[in-house]
Structure formats: structure tokens, C-alpha cells
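Note: the block below is structure-v5.cif and it holds mmCIF, C-alpha atoms.
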```cif
data_upload
#
loop_
_atom_site.label_atom_id
_atom_site.label_comp_id
_atom_site.auth_asym_id
_atom_site.auth_seq_id
_atom_site.Cartn_x
_atom_site.Cartn_y
_atom_site.Cartn_z
CA MET A 1 6.99 46.54 57.38
CA SER A 2 4.37 44.61 59.29
CA GLU A 3 3.07 41.35 57.91
CA PHE A 4 -0.59 40.83 57.21
CA THR A 5 -1.98 37.49 58.29
CA THR A 6 -5.11 36.11 56.67
CA TRP A 7 -6.95 36.93 59.88
CA ASP A 8 -5.79 40.57 59.63
CA ILE A 9 -7.21 40.74 56.13
CA LEU A 10 -10.53 39.29 57.17
CA ARG A 11 -10.75 41.47 60.27
CA ASN A 12 -10.13 44.65 58.32
CA LEU A 13 -12.64 43.66 55.67
CA LEU A 14 -15.30 42.91 58.28
CA LEU A 15 -14.67 46.26 59.93
CA SER A 16 -15.10 48.08 56.63
CA ALA A 17 -18.27 46.10 55.90
CA ARG A 18 -19.92 48.23 58.61
CA TRP A 19 -19.80 51.16 56.22
CA THR A 20 -21.31 49.11 53.44
CA ILE A 21 -24.18 48.18 55.75
CA LEU A 22 -24.64 51.73 57.02
CA LEU A 23 -24.65 53.21 53.52
CA SER A 24 -27.05 50.50 52.29
CA LEU A 25 -29.46 51.23 55.14
CA THR A 26 -29.28 54.99 54.54
CA ALA A 27 -29.82 54.60 50.82
CA PHE A 28 -32.66 52.13 51.32
CA VAL A 29 -34.54 54.22 53.90
CA CYS A 30 -34.05 57.58 52.16
CA GLY A 31 -34.63 55.93 48.80
CA GLY A 32 -37.86 54.45 50.13
CA VAL A 33 -39.12 57.90 51.12
CA CYS A 34 -38.01 59.30 47.78
CA GLY A 35 -39.64 56.38 45.96
CA MET A 36 -42.92 56.89 47.81
CA ILE A 37 -43.02 60.55 46.77
CA VAL A 38 -42.21 59.67 43.16
CA LEU A 39 -44.87 56.94 43.26
CA MET A 40 -47.52 59.43 44.45
CA VAL A 41 -46.58 61.82 41.67
CA ARG A 42 -46.32 59.05 39.08
CA THR A 43 -49.79 57.68 39.81
CA GLY A 44 -51.31 61.05 40.72
CA ARG A 45 -53.94 63.14 38.96
CA ALA A 46 -51.83 65.85 37.28
CA SER A 47 -50.71 64.51 33.92
CA TRP A 48 -47.72 66.84 33.51
CA LEU A 49 -46.43 65.77 36.92
CA ARG A 50 -46.87 62.16 35.89
CA SER A 51 -44.61 62.76 32.89
CA VAL A 52 -42.02 64.47 35.08
CA ALA A 53 -41.96 61.44 37.38
CA ALA A 54 -41.76 59.08 34.40
CA GLY A 55 -38.83 61.10 33.06
CA TYR A 56 -37.09 60.94 36.42
CA ILE A 57 -37.47 57.15 36.54
CA GLU A 58 -36.29 56.75 32.94
CA LEU A 59 -33.28 58.96 33.61
CA PHE A 60 -32.12 57.02 36.66
CA GLN A 61 -32.91 53.59 35.26
CA GLY A 62 -31.37 54.36 31.88
CA THR A 63 -27.98 55.63 33.02
CA PRO A 64 -25.17 53.88 34.89
CA LEU A 65 -25.16 54.30 38.66
CA LEU A 66 -21.47 55.10 38.35
CA MET A 67 -22.26 58.18 36.21
CA GLN A 68 -24.87 59.29 38.75
CA LEU A 69 -22.24 59.02 41.46
CA PHE A 70 -19.76 61.06 39.44
CA LEU A 71 -22.37 63.72 38.71
CA ALA A 72 -23.38 63.95 42.36
CA PHE A 73 -19.75 64.12 43.42
CA PHE A 74 -18.59 66.72 40.90
CA GLY A 75 -21.93 68.48 40.44
CA LEU A 76 -22.42 69.30 44.12
CA SER A 77 -18.91 70.67 44.41
CA LEU A 78 -19.65 72.97 41.46
CA ALA A 79 -22.57 74.37 43.39
CA GLY A 80 -20.02 75.50 45.95
CA PHE A 81 -20.46 72.76 48.53
CA ASP A 82 -17.51 70.89 49.86
CA VAL A 83 -18.79 67.38 49.24
CA PRO A 84 -17.38 64.48 51.19
CA PRO A 85 -17.63 61.18 49.27
CA TRP A 86 -20.15 59.70 51.71
CA LEU A 87 -22.60 62.52 51.05
CA ALA A 88 -22.35 62.22 47.27
CA ALA A 89 -22.66 58.45 47.62
CA ALA A 90 -25.72 58.65 49.87
CA LEU A 91 -27.39 61.23 47.62
CA ALA A 92 -26.81 59.36 44.35
CA LEU A 93 -27.83 56.02 45.85
CA THR A 94 -30.96 57.57 47.36
CA LEU A 95 -32.09 59.03 44.04
CA TRP A 96 -31.24 55.79 42.21
CA THR A 97 -33.05 53.60 44.77
CA GLY A 98 -36.03 55.97 44.72
CA ALA A 99 -36.41 55.61 40.95
CA PHE A 100 -36.35 51.80 41.07
CA LEU A 101 -38.62 51.47 44.11
CA ALA A 102 -41.15 53.91 42.60
CA GLU A 103 -41.32 51.76 39.47
CA ILE A 104 -41.60 48.50 41.44
CA TRP A 105 -44.36 49.94 43.63
CA ARG A 106 -46.19 51.41 40.65
CA GLY A 107 -46.54 47.90 39.29
CA CYS A 108 -48.09 46.85 42.61
CA VAL A 109 -50.45 49.85 42.73
CA GLU A 110 -51.60 49.21 39.17
CA SER A 111 -52.29 45.57 39.96
CA ILE A 112 -55.04 46.71 42.36
CA SER A 113 -58.30 46.41 40.47
CA LYS A 114 -59.93 49.52 39.08
CA GLY A 115 -63.06 48.80 41.09
CA GLN A 116 -61.18 49.68 44.28
CA TRP A 117 -60.43 53.15 42.92
CA GLU A 118 -64.00 53.61 41.74
CA ALA A 119 -65.51 52.38 44.99
CA SER A 120 -63.33 54.62 47.13
CA SER A 121 -63.93 57.53 44.81
CA SER A 122 -67.68 57.01 45.12
CA LEU A 123 -67.20 57.39 48.87
CA ALA A 124 -65.97 60.92 48.14
CA MET A 125 -62.39 60.11 49.12
CA GLY A 126 -59.65 62.35 47.81
CA TYR A 127 -56.58 60.95 46.03
CA LEU A 128 -54.44 60.90 49.17
CA GLN A 129 -57.21 59.26 51.18
CA GLN A 130 -57.73 56.63 48.50
CA MET A 131 -54.02 55.87 48.51
CA ARG A 132 -53.71 55.90 52.27
CA TYR A 133 -56.76 53.84 53.22
CA VAL A 134 -57.61 51.71 50.22
CA ILE A 135 -54.86 51.22 47.66
CA LEU A 136 -51.56 51.21 49.56
CA PRO A 137 -52.58 48.74 52.28
CA GLN A 138 -53.36 46.23 49.53
CA ALA A 139 -50.51 47.18 47.20
CA LEU A 140 -47.81 47.14 49.88
CA ARG A 141 -48.60 43.54 50.72
CA ILE A 142 -47.71 42.52 47.17
CA ALA A 143 -44.79 44.94 47.20
CA VAL A 144 -42.86 43.33 50.06
CA PRO A 145 -41.11 40.49 48.15
CA PRO A 146 -39.79 42.60 45.24
CA THR A 147 -38.79 45.38 47.65
CA VAL A 148 -36.76 42.98 49.77
CA GLY A 149 -35.30 41.62 46.53
CA PHE A 150 -34.29 45.10 45.44
CA SER A 151 -32.46 45.71 48.71
CA VAL A 152 -29.89 43.23 47.36
CA GLN A 153 -29.32 45.56 44.40
CA VAL A 154 -28.80 48.46 46.81
CA ILE A 155 -26.13 46.57 48.77
CA LYS A 156 -24.37 45.63 45.55
CA GLY A 157 -24.75 49.21 44.32
CA THR A 158 -22.80 50.54 47.30
CA ALA A 159 -19.70 48.78 45.91
CA LEU A 160 -19.52 51.48 43.23
CA THR A 161 -19.10 54.23 45.80
CA SER A 162 -15.54 52.96 46.29
CA ILE A 163 -14.77 54.57 42.93
CA ILE A 164 -15.52 58.08 44.20
CA GLY A 165 -13.41 57.35 47.27
CA PHE A 166 -15.88 56.29 49.93
CA ILE A 167 -14.10 53.74 52.09
CA GLU A 168 -16.40 50.74 52.37
CA LEU A 169 -15.90 47.05 51.72
CA SER A 170 -14.77 47.32 48.08
CA LYS A 171 -12.45 50.26 48.66
CA ALA A 172 -10.94 48.50 51.68
CA SER A 173 -10.34 45.43 49.52
CA THR A 174 -8.44 47.45 46.92
CA MET A 175 -6.35 49.06 49.66
CA LEU A 176 -5.67 45.68 51.29
CA THR A 177 -4.68 44.19 47.95
CA ASN A 178 -2.18 46.98 47.48
CA ALA A 179 -0.76 46.36 50.94
CA THR A 180 -0.67 42.56 50.90
CA PHE A 181 -0.30 41.62 47.20
CA ARG A 182 -2.81 38.83 47.77
CA PRO A 183 -5.67 39.79 45.45
CA PHE A 184 -7.08 36.27 45.20
CA THR A 185 -7.59 35.89 48.96
CA VAL A 186 -8.81 39.44 49.47
CA TYR A 187 -11.36 39.47 46.65
CA ALA A 188 -12.57 35.97 47.53
CA PHE A 189 -13.24 37.13 51.10
CA VAL A 190 -14.95 40.27 49.85
CA ALA A 191 -17.19 38.27 47.55
CA LEU A 192 -18.10 35.98 50.46
CA ILE A 193 -18.92 38.91 52.73
CA TYR A 194 -21.19 40.47 50.10
CA PHE A 195 -22.73 37.05 49.57
CA ALA A 196 -23.36 36.69 53.30
CA LEU A 197 -25.11 40.06 53.29
CA CYS A 198 -27.17 39.57 50.14
CA TRP A 199 -28.07 35.90 50.05
CA PRO A 200 -30.36 35.87 53.11
CA LEU A 201 -32.26 38.82 51.63
CA SER A 202 -32.59 37.05 48.26
CA LYS A 203 -33.87 33.93 49.97
CA ALA A 204 -36.26 35.94 52.15
CA SER A 205 -37.63 37.64 49.06
CA GLN A 206 -38.23 34.28 47.36
CA ALA A 207 -39.86 32.82 50.48
CA LEU A 208 -42.14 35.84 50.87
CA GLU A 209 -43.14 35.58 47.22
CA ARG A 210 -44.00 31.90 47.59
CA LYS A 211 -46.04 32.64 50.69
CA LEU A 212 -47.94 35.37 48.88
CA ASN A 213 -48.67 33.09 45.92
CA VAL A 214 -49.95 30.37 48.20
CA ALA A 215 -52.23 32.90 49.89
CA HIS A 216 -53.57 33.94 46.50
CA HIS A 217 -54.24 30.39 45.39
CA GLY A 218 -56.18 29.83 48.59
CA HIS A 219 -58.89 32.28 47.52
CA MET B 220 -18.80 82.34 42.73
CA ALA B 221 -20.07 81.98 39.21
CA TYR B 222 -19.15 78.89 37.30
CA HIS B 223 -19.12 79.07 33.51
CA PHE B 224 -20.15 75.88 31.83
CA ASP B 225 -17.97 75.00 28.89
CA PHE B 226 -19.25 72.12 26.81
CA GLY B 227 -17.10 73.16 23.85
CA ALA B 228 -14.02 71.72 25.51
CA ILE B 229 -15.63 68.29 25.40
CA LEU B 230 -16.52 68.55 21.72
CA ASP B 231 -12.80 68.59 20.91
CA TYR B 232 -12.64 65.06 22.26
CA THR B 233 -15.40 63.63 20.07
CA PRO B 234 -13.11 60.93 18.57
CA VAL B 235 -12.25 59.72 22.10
CA LEU B 236 -15.95 59.49 22.92
CA ILE B 237 -16.71 57.64 19.70
CA LYS B 238 -13.97 55.13 20.42
CA GLY B 239 -15.38 54.69 23.92
CA ILE B 240 -18.88 54.08 22.54
CA ALA B 241 -17.47 51.52 20.09
CA ILE B 242 -15.74 49.59 22.87
CA THR B 243 -18.81 49.71 25.11
CA GLY B 244 -20.74 48.36 22.12
CA GLU B 245 -18.18 45.62 21.59
CA LEU B 246 -18.34 44.63 25.27
CA ILE B 247 -22.11 44.34 25.35
CA GLY B 248 -22.32 42.77 21.90
CA ILE B 249 -19.97 39.91 22.73
CA GLY B 250 -21.05 39.74 26.38
CA ALA B 251 -24.76 39.51 25.55
CA VAL B 252 -24.44 36.77 22.93
CA ILE B 253 -22.17 34.51 25.00
CA GLY B 254 -23.91 35.43 28.25
CA VAL B 255 -27.35 34.41 26.95
CA ALA B 256 -25.84 31.21 25.54
CA VAL B 257 -24.43 30.42 29.00
CA GLY B 258 -27.86 31.25 30.44
CA ILE B 259 -29.59 28.83 28.07
CA ALA B 260 -27.12 26.05 28.90
CA CYS B 261 -27.48 26.59 32.65
CA ALA B 262 -31.28 26.88 32.44
CA TRP B 263 -31.31 23.54 30.60
CA ALA B 264 -29.05 22.04 33.29
CA ARG B 265 -31.37 23.25 36.05
CA THR B 266 -34.55 21.95 34.42
CA PHE B 267 -33.71 18.93 32.26
CA GLY B 268 -30.05 18.33 33.07
CA PRO B 269 -28.64 15.44 35.09
CA ALA B 270 -29.16 15.69 38.83
CA TRP B 271 -25.44 15.97 39.63
CA LEU B 272 -25.17 19.09 37.48
CA ARG B 273 -27.89 21.03 39.32
CA PRO B 274 -26.14 21.93 42.62
CA PRO B 275 -23.02 23.44 41.00
CA VAL B 276 -25.14 25.42 38.53
CA SER B 277 -27.38 26.70 41.36
CA ALA B 278 -24.31 27.66 43.36
CA TYR B 279 -22.90 29.59 40.40
CA VAL B 280 -26.18 31.44 39.85
CA GLU B 281 -26.61 32.32 43.53
CA LEU B 282 -23.01 33.44 43.92
CA MET B 283 -23.15 35.75 40.90
CA ARG B 284 -26.53 37.22 41.75
CA ASN B 285 -25.51 38.06 45.30
CA THR B 286 -22.13 39.73 44.76
CA PRO B 287 -21.39 43.10 43.12
CA PHE B 288 -20.20 43.16 39.51
CA LEU B 289 -17.23 45.28 40.57
CA VAL B 290 -15.98 42.55 42.91
CA GLN B 291 -16.50 39.87 40.26
CA LEU B 292 -14.50 41.98 37.83
CA PHE B 293 -11.66 42.55 40.30
CA PHE B 294 -11.61 38.89 41.29
CA ILE B 295 -11.33 37.80 37.67
CA PHE B 296 -8.85 40.44 36.58
CA PHE B 297 -6.65 40.78 39.69
CA GLY B 298 -7.33 37.52 41.52
CA LEU B 299 -7.08 34.90 38.78
CA PRO B 300 -3.53 35.83 37.66
CA SER B 301 -2.25 34.43 40.99
CA LEU B 302 -3.61 31.07 39.82
CA GLY B 303 -1.63 31.52 36.63
CA ILE B 304 -4.56 32.68 34.49
CA LYS B 305 -3.46 35.91 32.83
CA LEU B 306 -6.07 37.97 31.02
CA THR B 307 -5.98 41.20 29.05
CA GLU B 308 -8.31 43.98 30.29
CA MET B 309 -10.73 43.31 27.47
CA GLU B 310 -10.80 39.55 28.12
CA GLY B 311 -11.29 40.11 31.84
CA ALA B 312 -14.18 42.52 31.22
CA ILE B 313 -15.90 40.23 28.72
CA ILE B 314 -15.56 37.17 30.97
CA ALA B 315 -16.95 39.13 33.92
CA MET B 316 -19.91 40.33 31.84
CA VAL B 317 -20.55 36.83 30.50
CA VAL B 318 -20.57 35.13 33.90
CA ASN B 319 -22.70 37.94 35.35
CA LEU B 320 -25.29 38.01 32.57
CA GLY B 321 -25.14 34.21 32.37
CA ALA B 322 -26.33 33.88 35.97
CA TYR B 323 -29.16 36.39 35.63
CA SER B 324 -30.35 35.03 32.31
CA THR B 325 -30.31 31.49 33.73
CA GLU B 326 -33.00 32.49 36.21
CA ILE B 327 -35.00 34.41 33.60
CA ILE B 328 -34.88 31.64 30.98
CA ARG B 329 -35.61 28.97 33.58
CA ALA B 330 -38.81 30.82 34.50
CA GLY B 331 -39.78 30.79 30.82
CA ILE B 332 -39.04 27.08 30.48
CA GLN B 333 -41.04 26.20 33.58
CA ALA B 334 -44.08 27.98 32.16
CA THR B 335 -44.18 25.46 29.28
CA PRO B 336 -47.49 23.55 29.35
CA ARG B 337 -46.97 19.81 29.93
CA GLY B 338 -49.11 18.85 26.94
CA VAL B 339 -46.87 20.68 24.50
CA ILE B 340 -43.86 18.57 25.56
CA GLU B 341 -45.91 15.37 25.27
CA ALA B 342 -47.15 16.44 21.84
CA GLY B 343 -43.54 16.95 20.77
CA SER B 344 -42.51 13.50 21.98
CA SER B 345 -45.49 11.91 20.25
CA LEU B 346 -44.20 13.33 16.96
CA ALA B 347 -41.10 11.14 17.44
CA MET B 348 -38.90 14.14 18.15
CA THR B 349 -35.72 13.41 20.10
CA ARG B 350 -35.30 14.96 23.55
CA LEU B 351 -32.93 17.54 22.10
CA GLN B 352 -35.37 18.43 19.33
CA VAL B 353 -38.18 18.80 21.84
CA PHE B 354 -36.03 21.12 23.93
CA ARG B 355 -34.81 23.11 20.97
CA TYR B 356 -38.08 23.62 19.06
CA VAL B 357 -40.89 22.98 21.53
CA ILE B 358 -39.57 24.25 24.83
CA LEU B 359 -36.76 26.75 24.29
CA LYS B 360 -38.09 28.95 21.52
CA PRO B 361 -41.49 29.69 23.10
CA ALA B 362 -39.75 30.07 26.46
CA LEU B 363 -37.38 32.69 25.05
CA GLN B 364 -40.31 34.47 23.45
CA ARG B 365 -42.17 34.55 26.77
CA ILE B 366 -39.27 36.06 28.69
CA TRP B 367 -37.80 38.24 25.90
CA PRO B 368 -38.84 41.56 27.54
CA ALA B 369 -37.26 40.56 30.87
CA LEU B 370 -34.12 39.33 29.14
CA SER B 371 -33.89 42.56 27.15
CA SER B 372 -33.99 44.74 30.25
CA GLN B 373 -31.35 42.55 31.89
CA ILE B 374 -29.08 43.06 28.87
CA VAL B 375 -29.61 46.84 29.14
CA ILE B 376 -28.74 46.68 32.87
CA VAL B 377 -25.53 44.80 32.07
CA MET B 378 -24.65 47.37 29.37
CA LEU B 379 -25.03 50.17 31.95
CA GLY B 380 -23.04 48.09 34.43
CA SER B 381 -20.16 47.87 31.94
CA ALA B 382 -19.28 51.44 33.00
CA VAL B 383 -17.42 49.76 35.86
CA CYS B 384 -15.00 48.09 33.42
CA SER B 385 -13.19 51.43 33.23
CA GLN B 386 -11.78 50.48 36.63
CA ILE B 387 -9.58 47.78 35.10
CA ALA B 388 -8.56 50.21 32.32
CA VAL B 389 -10.80 48.92 29.54
CA GLU B 390 -11.04 51.94 27.27
CA GLU B 391 -14.82 52.07 27.12
CA LEU B 392 -17.11 55.08 27.42
CA THR B 393 -16.55 55.78 31.13
CA PHE B 394 -12.82 55.42 30.65
CA ALA B 395 -13.09 58.00 27.87
CA ALA B 396 -15.01 60.26 30.27
CA ASN B 397 -12.33 59.93 32.96
CA PHE B 398 -9.66 60.65 30.36
CA ILE B 399 -11.43 63.75 29.05
CA GLN B 400 -12.12 65.19 32.49
CA SER B 401 -8.52 64.70 33.53
CA ARG B 402 -7.41 66.65 30.44
CA THR B 403 -9.99 69.43 30.48
CA PHE B 404 -10.75 69.66 34.22
CA ARG B 405 -14.38 69.92 33.11
CA ALA B 406 -15.61 67.05 35.25
CA PHE B 407 -19.27 68.00 35.47
CA GLU B 408 -19.70 68.80 31.78
CA THR B 409 -17.92 65.60 30.75
CA TYR B 410 -19.97 63.31 32.97
CA PHE B 411 -23.14 65.17 32.02
CA VAL B 412 -22.52 64.57 28.32
CA VAL B 413 -21.46 60.97 28.83
CA THR B 414 -24.50 60.25 31.03
CA GLY B 415 -26.62 61.56 28.16
CA ILE B 416 -24.81 59.25 25.76
CA TYR B 417 -25.48 56.27 28.06
CA LEU B 418 -29.17 57.19 28.21
CA LEU B 419 -29.25 57.30 24.42
CA LEU B 420 -27.42 53.97 24.18
CA ALA B 421 -29.88 52.40 26.61
CA VAL B 422 -32.88 53.60 24.58
CA LEU B 423 -31.21 52.47 21.35
CA LEU B 424 -30.30 49.04 22.73
CA ARG B 425 -33.86 48.54 24.00
CA GLN B 426 -35.28 49.32 20.55
CA LEU B 427 -32.70 47.07 18.90
CA LEU B 428 -33.62 44.17 21.18
CA ARG B 429 -37.33 44.76 20.56
CA ALA B 430 -36.73 44.62 16.80
CA LEU B 431 -34.63 41.49 17.28
CA GLY B 432 -37.53 39.99 19.22
CA TRP B 433 -39.92 40.65 16.31
CA TRP B 434 -37.44 39.08 13.92
CA LEU B 435 -36.74 36.03 16.07
CA PHE B 436 -40.36 35.41 17.06
CA PRO B 437 -42.61 36.49 14.21
CA LYS B 438 -45.56 34.39 15.40
CA LYS B 439 -47.68 35.14 18.43
CA ALA B 440 -46.72 33.44 21.66
CA VAL B 441 -48.36 30.16 22.60
CA ARG B 442 -49.74 30.63 26.09
#
```
Now, as a test, write the supplied structure out as C-alpha cells.
Amino acid sequence: MSEFTTWDILRNLLLSARWTILLSLTAFVCGGVCGMIVLMVRTGRASWLRSVAAGYIELFQGTPLLMQLFLAFFGLSLAGFDVPPWLAAALALTLWTGAFLAEIWRGCVESISKGQWEASSSLAMGYLQQMRYVILPQALRIAVPPTVGFSVQVIKGTALTSIIGFIELSKASTMLTNATFRPFTVYAFVALIYFALCWPLSKASQALERKLNVAHHGH
Amino acid sequence: MAYHFDFGAILDYTPVLIKGIAITGELIGIGAVIGVAVGIACAWARTFGPAWLRPPVSAYVELMRNTPFLVQLFFIFFGLPSLGIKLTEMEGAIIAMVVNLGAYSTEIIRAGIQATPRGVIEAGSSLAMTRLQVFRYVILKPALQRIWPALSSQIVIVMLGSAVCSQIAVEELTFAANFIQSRTFRAFETYFVVTGIYLLLAVLLRQLLRALGWWLFPKKAVR
């Protein structure tokens, strides 16, 4: 049996961290698109669609991400698809991220004063035009800090995909623990790698928020 | 291929589900009370505590907020025994939930404390209150009232996060789900039902915390 040095452990963990990053990016980008659609529906004109979107957000915010992963994993295979873990993971994380981002962005859209809606409406703009040219450019500026902050939650969320068998940083750490019997070292490294991924984003989010607040006080 | 849904098979396991719900409730009950207490202590340390205490508390908060709960749980349950600290599954899960919620609630409570108007603290001191009394009655209580909604949603998030504790074999609701699906081979139905139960628990917990807020803070907030 070959011996694992500490460097071997770290090297393998860093290699598997690529999958954590890739899955986080996929979930964040697809979740962003999904969140934008849900946001449009949630703040749109049709009241029954608004309730559907609200129900969607409540469902995904009110249940554990782990359950959503299980349902995606087992539910898709019921529908007759052969689901690899990465697909179930990407799908569940996308829907989950979409729900949270839609709710974060809704807060930003609603913070835009009513006068903006009325003014643009008096210019005979349709809902999509109002959103595109008047509301979103203002709302997205406020939305940047909390969105960057939420990306940290997405990275941490990917750790759960190890449970349905997607081999990323957390799954690799469990496998390495089983091979090396050095759980303390392995999990300490894993925590540090996650920290190295998440902390800069947390700090960036805080810095952006401060900058935005300063800009507001300047008015 | 037609798949026939069979939810009846899950009904046979109702006692298992109820036991799972009880343990999830126990986890969040103990975890929330101690976790918020840790949060209050750390928020005090970061605002009024001695200067030497601030860097370690900040480090703790940053470390917990930027690593996944699953890794924290594994580190505590699998990693600590090699330092000679042996924990049962339940102890490991509760400690992980406490340190996790403790870090998040530190930030939330600190925000509430920092929103305290200066004059209120001075008024407290002028009434010959000790520093501790000022903190306890003048600063902390209104601060908690201000941030109660944010704290409540964080507690709900931690309750949902406790699903992960099944991974160290704590017999909570998700563990019950895994057990039932391995017996019945009805994976989708089981997780569907259990997801519904979690949704119900989340709604219930939110209402419970709102009622607790009314009971704890009967007067209107001082802004």
C-alpha cells in the first residue's frame, strides 16, 4: 500500500476543488438566469403568476437543499433519465440559487421609488421596457453587494452534492480520510480551501456595500 | 415505462418519521438557545469587550461563515477524536450547530447593538446603572428586538441545514428518510413527503419565533 504524504493529501484536495469551483460557477450563472426569470414573474403584472413565483421561492427557501438534491437525483431517474450526479447537482443548485437570487433582487427592485414606475409608465413604456431601461439599471447597482455575498452560500452549498455522489472537494475529503485515516489534517485542509474560496467574496461584498453606502450619503 | 407512485408504503413508517421530527426538533431547540447565547457573548466581545478578545472572536466568526456546515460537522465529529475529544453523534451535531449559528448570530446581533443611539447609553449611565446593567437592559434588549426577524430566519436556515447531520448518523428527519427509502425502495415518494414535512416545520418554526418575539418584546421598538 502506498503512503500518503501531507503534500499528497493537499494536492488531491486542490485538484478536486476544481469541481467545486466549476459547479459553483455553473449553479451561479444558471441560477442567475433562473432568478431573473422568477424576478420578472414575481414583480410582473399577472397576479396569479406572482403567486406561483412566490410559492416557488417559499418552496425552495423553506426546504433543505439536501432534500432538493435527493429529489432531483431520484425524481429525474423516475422520469426515465439516467441521471449522473453532476446533472442532478447542477439542476438542484440552479433552482435553489434562482429562488434566493430572485428574492434578493426583488428587495432591490422594490427599493426603487414608485415615482420611477409611474414616470416610465407615463412615457407609455411596457413592463419589460420599464424593467429594462428604468428599474433594473438602478436596482442592479444596489443588488451587487448582496449578490456577491450570496455566491458564498452557493460555494458552501456545493459541499452537499458530495452526499449524492458528486466528487468535489467534500467528497474527495471523505475518500481521502478513508484512505489515510487522518481526518483532522484532511478536514482542516478542506476547511481552509473553502475559506480561501469564500472569504475574498465575503470581503468583496462588504467592501462593495460600504462603497455604495458612501455614495448614497454623498447625495 | 409507467411508474406507479405508492405513498402508502411510507405511511407504514409514520413512527420512524415522528421520531425523526422529534430529534430534528431537539437539535434545533438546543442548538438555537445555546447558539444565540454564544452569539450574544461574541457580539458583546466585538463591541464592548476588551481589545485582546476581538481578533480571536472575529477569526471565529469569519471562519465559520466562510466554510460549509458539512465540513464543520465532519471536522468536529471525525477530526476532533484524533485530539482525544470523543463525541457522540448527537453531541457532535449540537456542537456543530451551536458554533455555526453562534457565528451568524454574532454578526446579526452586533448590527443590532451598533444601531443603538449614543444618547440612550449615556442616559443609562446617568441613572447610575453599572456597565453590565446598561448592556443588559439598555443595549441588548432593544438590539435583539431590532434584529429579531433576521435572527429568526437564520434559526430557520440552521434548522433546514440540520438535514446534513444525518451524515454522521444522527437519527433526525433526513436519517429517517434515508432509512425508509432503503427499506421501501420508494426514494422519490419518501423524499417528497419528508421535503413537505420540512416545509411545514419551517413555517411552524417561523410562526413560533414570531410569537416568541411578541412575548419577549411586548413594547414597540425604540428607534
Residues near Ala241 (chain B), cut-off 9 Å, only C-alpha atoms, skip fewer than 4 positions along chain, as a short mmCIF file (atom, residue, chain, number, x, y, z; two decimals) with C-alpha atoms, in the coordinates of the input:
```cif
data_model
loop_
_atom_site.label_atom_id
_atom_site.label_comp_id
_atom_site.auth_asym_id
_atom_site.auth_seq_id
_atom_site.Cartn_x
_atom_site.Cartn_y
_atom_site.Cartn_z
CA LEU B 236 -15.95 59.49 22.92
CA ILE B 237 -16.71 57.64 19.70
CA GLU B 245 -18.18 45.62 21.59
CA LEU B 246 -18.34 44.63 25.27
CA GLU B 391 -14.82 52.07 27.12
CA LEU B 392 -17.11 55.08 27.42
#
```
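Relative to CA of Gln386 (chain B), CA of Ser301 (chain B) is found at 19.2 Å.
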Practice problem: Find the residues in chain B near chain A: any atom within 10 Å counts, using all atoms listed in the file. Write them as a PyMOL selection string. | Solution: chain B and resi 220-222+281-302+375-383+386+393+396-397+405-411+413-422
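The closest residue to Thr43 (chain A), picked from A:Cys108, A:Ile142, A:Ala119, A:Ala207 and counting all atoms listed in the file, is A:Cys108.
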Exercise. Might you pull out every residue within 12 Å of Val134 (chain A), with all atoms listed in the file counted and same-chain residues fewer than 4 positions away left off, and present them as a PyMOL selection string?
Key: chain A and resi 109+112-121+123+125-130+138-140
Quiz item: If the PyMOL selection byres ((chain A and resi 15-21) around 7) is run on the structure shown, which residues does it catch, given as a ChimeraX atom specification?
Solution: /A:11-14,22-25,158,168-169,172
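We find CA of Gly149 (chain A) and CA of Glu209 (chain A) to be spaced 9.9 Å apart.
On the file presented, the PyMOL selection byres ((chain A and resi 86-102) around 7) picks out Leu23, Thr26, Ala27, Phe28, Cys30, Gly31, Gly32, Cys34, Gly35, Met36, Val38, Leu39, Ile57, Phe60, Gln61, Gln68, Leu69, Ala72, Phe73, Val83, Pro84, Pro85, Glu103, Ile104, Trp105, Arg106, Val154, Thr161 and Phe166 of chain A.
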Practice problem: Please write as a ChimeraX atom specification the full residue list that the PyMOL selection byres ((chain B and resi 307-324) around 8) yields on this file. | Solution: /B:246-247,249-251,253-259,261,279-281,283-284,288,291-292,295-296,305-306,325-328,370,373-374,377,381,384,387-389
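Across the model, the gap from CA of Ala334 (chain B) to CA of Ile358 (chain B) is 9.4 Å.
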Set the distance at 8 Å and use all atoms listed in the file: which residues neighbour region 427-436 of chain B once local chain neighbours fewer than 6 positions away are removed? I'd like the list as a short mmCIF file (atom, residue, chain, number, x, y, z; two decimals) with C-alpha atoms, in the frame of the given file.
```cif
data_model
loop_
_atom_site.label_atom_id
_atom_site.label_comp_id
_atom_site.auth_asym_id
_atom_site.auth_seq_id
_atom_site.Cartn_x
_atom_site.Cartn_y
_atom_site.Cartn_z
CA GLN B 364 -40.31 34.47 23.45
CA TRP B 367 -37.80 38.24 25.90
CA PRO B 368 -38.84 41.56 27.54
CA SER B 371 -33.89 42.56 27.15
#
```
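Closest approach to Ile399 (chain B) among B:Leu423, B:Gln352, B:Pro269, B:Val412: B:Val412, based on all atoms listed in the file.
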So that all listed atoms of region 95-109 of chain A fit with 5 Å spare on each side, what axis-aligned box centre and edge lengths in Å, to one decimal, would you give as lines of an AutoDock Vina configuration file?
```
center_x = -40.8
center_y = 52.9
center_z = 42.0
size_x = 29.2
size_y = 22.2
size_z = 15.5
```
Reconstructed region 197-208 of chain A, atom set N, CA and C atoms, as a short mmCIF file (atom, residue, chain, number, x, y, z; two decimals), keeping the file's coordinate frame:
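Okay, this is what ended up in part.cif:
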```cif
data_model
loop_
_atom_site.label_atom_id
_atom_site.label_comp_id
_atom_site.auth_asym_id
_atom_site.auth_seq_id
_atom_site.Cartn_x
_atom_site.Cartn_y
_atom_site.Cartn_z
N LEU A 197 -24.15 38.99 53.07
CA LEU A 197 -25.11 40.06 53.29
C LEU A 197 -26.34 39.91 52.39
N CYS A 198 -26.10 39.52 51.15
CA CYS A 198 -27.17 39.57 50.14
C CYS A 198 -28.01 38.30 50.09
N TRP A 199 -27.37 37.15 50.28
CA TRP A 199 -28.07 35.90 50.05
C TRP A 199 -29.30 35.71 50.94
N PRO A 200 -29.16 36.01 52.27
CA PRO A 200 -30.36 35.87 53.11
C PRO A 200 -31.52 36.73 52.61
N LEU A 201 -31.20 37.94 52.13
CA LEU A 201 -32.26 38.82 51.63
C LEU A 201 -32.89 38.23 50.37
N SER A 202 -32.05 37.69 49.47
CA SER A 202 -32.59 37.05 48.26
C SER A 202 -33.52 35.92 48.62
N LYS A 203 -33.07 35.09 49.56
CA LYS A 203 -33.87 33.93 49.97
C LYS A 203 -35.17 34.39 50.62
N ALA A 204 -35.06 35.43 51.48
CA ALA A 204 -36.26 35.94 52.15
C ALA A 204 -37.26 36.44 51.11
N SER A 205 -36.75 37.13 50.10
CA SER A 205 -37.63 37.64 49.06
C SER A 205 -38.37 36.50 48.36
N GLN A 206 -37.61 35.44 48.03
CA GLN A 206 -38.23 34.28 47.36
C GLN A 206 -39.28 33.62 48.26
N ALA A 207 -38.93 33.47 49.56
CA ALA A 207 -39.86 32.82 50.48
C ALA A 207 -41.13 33.64 50.63
N LEU A 208 -40.97 34.96 50.73
CA LEU A 208 -42.14 35.84 50.87
C LEU A 208 -43.04 35.74 49.64
#
```
